[in-house]
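J.: My questions will all concern the structure given below.
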Amino acid sequence: MEKKLRGRVSEEGLLYDFLSGNLGLTKREISQAKFRTDGVCVNGRRARVTAMLQAGDVVEVKLEEAETQSGHLVPYAGKPDILYEDEDILLVNKPAGVVVHPSHGHYSDSLANMLVQYFMEKGEQVKIRSVGRLDKETSGIVVFAKNQAAAGRLARQRELGQFKKEYFALVHGVPEQRTGSIRTGIAGVPGSLMKMMVTETGKHAVTHYAVQETFGGFSAVRVLLETGRTHQIRVHMASIGHALLGDKIYGAECGGIERAALHAYRVKLMQPFSGEEIRIKAEMPEDMRKKMNQNVAK
């Protein structure tokens, strides 16, 4: 999907400085744009980034060439739960049991396949890029970028801690410390394709948690991640003796919950180009809500 930026010059200066300072482009974005046909134009004419600007000049930048629909993905007639959409980003509430991208056994019914169908029906040519993923069992918010430039800026926000995603989990028992941080490395279990474990030699991982409410035999916990390792919340909570309800890999099955009870319920990020703060929440899924309602809070 082609992304164009446009700005009017208020005072004399170098075009490169206007692109980086006023339009907020990175060195890489400027370098890519200047080699595209009409990638950088001043008053409708192609210009070198070393050109001098005058007050009143209009600068236009093409950040990405038009693209076809996402790779070889086939459309799937599901109905994505769109929480927020603008010209650069899309936030979707993913149900538990749905994979984000095609994978073994789910080549055509992923969330990405549903979005191909969604954009086809809208008549838009969009190549989506997920910014972070959720496990198949995990429900909640998935963020997609609708162009390469937006994806790069959101990735940078994650590095700077400006992009935050909070989770809600139901865990066995009641943590002795009602708030805490788990800082242990995570690595794959030898011989297993899916299972992970905590280990000093694994990838650095940090999970912060806070108990929100306690029930008969389990607790509702709010979780914030500093890192994004595979199964991080599931592995870390199990490592302190409080595995997620319904987690068949790291915990035990629990009546009423047929999957790991984890929901990505809130996201805070900045609109990639305007800088506007965006806060989105996804309602608690039915299975987790039902489990809490069946138990009298203590």
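Here, A, B, ... name the chains of the structure tokens in the order displayed, residue numbers run from 1 inside each chain, and ligands are numbered from 1 in the same displayed order.
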Based on the backbone DSSP call, show me all residues of stretch 157-202 of chain A assigned alpha helix (DSSP H), as an NGL selection string.

T.: :A and (157-160)

J.: Show me, as a list in words, the residues that have an atom within 9 Å of A:Gly188 when counting only C-alpha atoms, minus same-chain residues fewer than 4 positions from it.

T.: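 Non-adjacent residues within range: Ser192, Leu193, Met194, Lys195, Met196, Met197, Val198, Gly202 and Thr230 of chain A.
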
J.: Rank nothing, just name the residue among A:Val92, A:Leu160, A:Leu53, A:Ala151 nearest to A:Tyr16, using only C-alpha atoms.

T.: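 Closest to A:Tyr16, using only C-alpha atoms: A:Leu53.
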
J.: Extract, using only C-alpha atoms, all DNA, RNA and protein residues at most 9 Å from A:Tyr209, discarding same-chain residues fewer than 2 positions from it, and format them as a ChimeraX atom specification.

T.: /A:178-182,207,211,221-225

J.: Export, as an mmCIF file, in the first residue's frame, the selected residues with N, CA and C atoms.

T.:
```cif
data_model
loop_
_atom_site.group_PDB
_atom_site.id
_atom_site.type_symbol
_atom_site.label_atom_id
_atom_site.label_comp_id
_atom_site.auth_asym_id
_atom_site.auth_seq_id
_atom_site.Cartn_x
_atom_site.Cartn_y
_atom_site.Cartn_z
ATOM 1 N N ARG A 178 1.570 -9.982 45.858
ATOM 2 C CA ARG A 178 0.456 -9.533 45.019
ATOM 3 C C ARG A 178 0.931 -8.767 43.779
ATOM 4 N N THR A 179 2.099 -8.167 43.836
ATOM 5 C CA THR A 179 2.720 -7.557 42.663
ATOM 6 C C THR A 179 4.156 -8.041 42.592
ATOM 7 N N GLY A 180 4.669 -8.202 41.400
ATOM 8 C CA GLY A 180 6.038 -8.669 41.291
ATOM 9 C C GLY A 180 6.528 -8.657 39.855
ATOM 10 N N SER A 181 7.803 -8.960 39.695
ATOM 11 C CA SER A 181 8.426 -9.041 38.379
ATOM 12 C C SER A 181 9.197 -10.344 38.286
ATOM 13 N N ILE A 182 9.070 -11.013 37.167
ATOM 14 C CA ILE A 182 9.776 -12.270 36.923
ATOM 15 C C ILE A 182 10.839 -11.994 35.874
ATOM 16 N N THR A 207 8.674 -10.159 32.941
ATOM 17 C CA THR A 207 7.214 -10.113 33.055
ATOM 18 C C THR A 207 6.833 -9.445 34.368
ATOM 19 N N VAL A 211 -1.882 -8.890 41.045
ATOM 20 C CA VAL A 211 -3.133 -9.600 41.321
ATOM 21 C C VAL A 211 -4.265 -8.580 41.408
ATOM 22 N N VAL A 221 -5.143 -11.905 37.245
ATOM 23 C CA VAL A 221 -3.869 -11.193 37.299
ATOM 24 C C VAL A 221 -3.705 -10.319 36.055
ATOM 25 N N ARG A 222 -3.253 -9.092 36.266
ATOM 26 C CA ARG A 222 -2.913 -8.195 35.156
ATOM 27 C C ARG A 222 -1.423 -8.338 34.882
ATOM 28 N N VAL A 223 -1.050 -8.435 33.605
ATOM 29 C CA VAL A 223 0.339 -8.700 33.233
ATOM 30 C C VAL A 223 0.811 -7.696 32.186
ATOM 31 N N LEU A 224 2.029 -7.197 32.370
ATOM 32 C CA LEU A 224 2.657 -6.279 31.414
ATOM 33 C C LEU A 224 4.024 -6.847 31.059
ATOM 34 N N LEU A 225 4.320 -6.917 29.776
ATOM 35 C CA LEU A 225 5.581 -7.490 29.315
ATOM 36 C C LEU A 225 6.588 -6.414 28.946
#
```

J.: Please provide as a PyMOL selection string all residues within 9 Å of A:Lys4, with the sequence filter that same-chain residues fewer than 2 positions apart are discarded (counting only C-alpha atoms).

T.: chain A and resi 2+6+60-64

J.: Keeping N, CA, C and O atoms, export the residues of the selection given above as a tab-separated table (two decimals), in the first residue's frame.

T.:
```
chain	number	residue	atom	x	y	z
A	2	GLU	N	0.63	2.13	-0.92
A	2	GLU	CA	1.43	3.34	-1.02
A	2	GLU	C	1.09	4.31	0.10
A	2	GLU	O	-0.07	4.52	0.43
A	6	ARG	N	2.67	14.73	3.13
A	6	ARG	CA	2.66	16.04	2.50
A	6	ARG	C	2.83	17.11	3.57
A	6	ARG	O	2.24	17.01	4.65
A	60	GLU	N	6.15	16.67	-0.93
A	60	GLU	CA	5.42	15.41	-0.94
A	60	GLU	C	6.43	14.26	-1.00
A	60	GLU	O	7.41	14.32	-1.74
A	61	VAL	N	6.15	13.21	-0.22
A	61	VAL	CA	7.05	12.05	-0.15
A	61	VAL	C	6.24	10.78	-0.35
A	61	VAL	O	5.19	10.60	0.27
A	62	LYS	N	6.75	9.88	-1.20
A	62	LYS	CA	6.14	8.56	-1.40
A	62	LYS	C	7.01	7.56	-0.64
A	62	LYS	O	8.19	7.37	-0.96
A	63	LEU	N	6.44	6.92	0.38
A	63	LEU	CA	7.22	6.03	1.23
A	63	LEU	C	7.22	4.59	0.76
A	63	LEU	O	8.10	3.82	1.11
A	64	GLU	N	6.24	4.20	-0.01
A	64	GLU	CA	6.17	2.80	-0.41
A	64	GLU	C	5.40	2.67	-1.70
A	64	GLU	O	4.37	3.31	-1.90
```
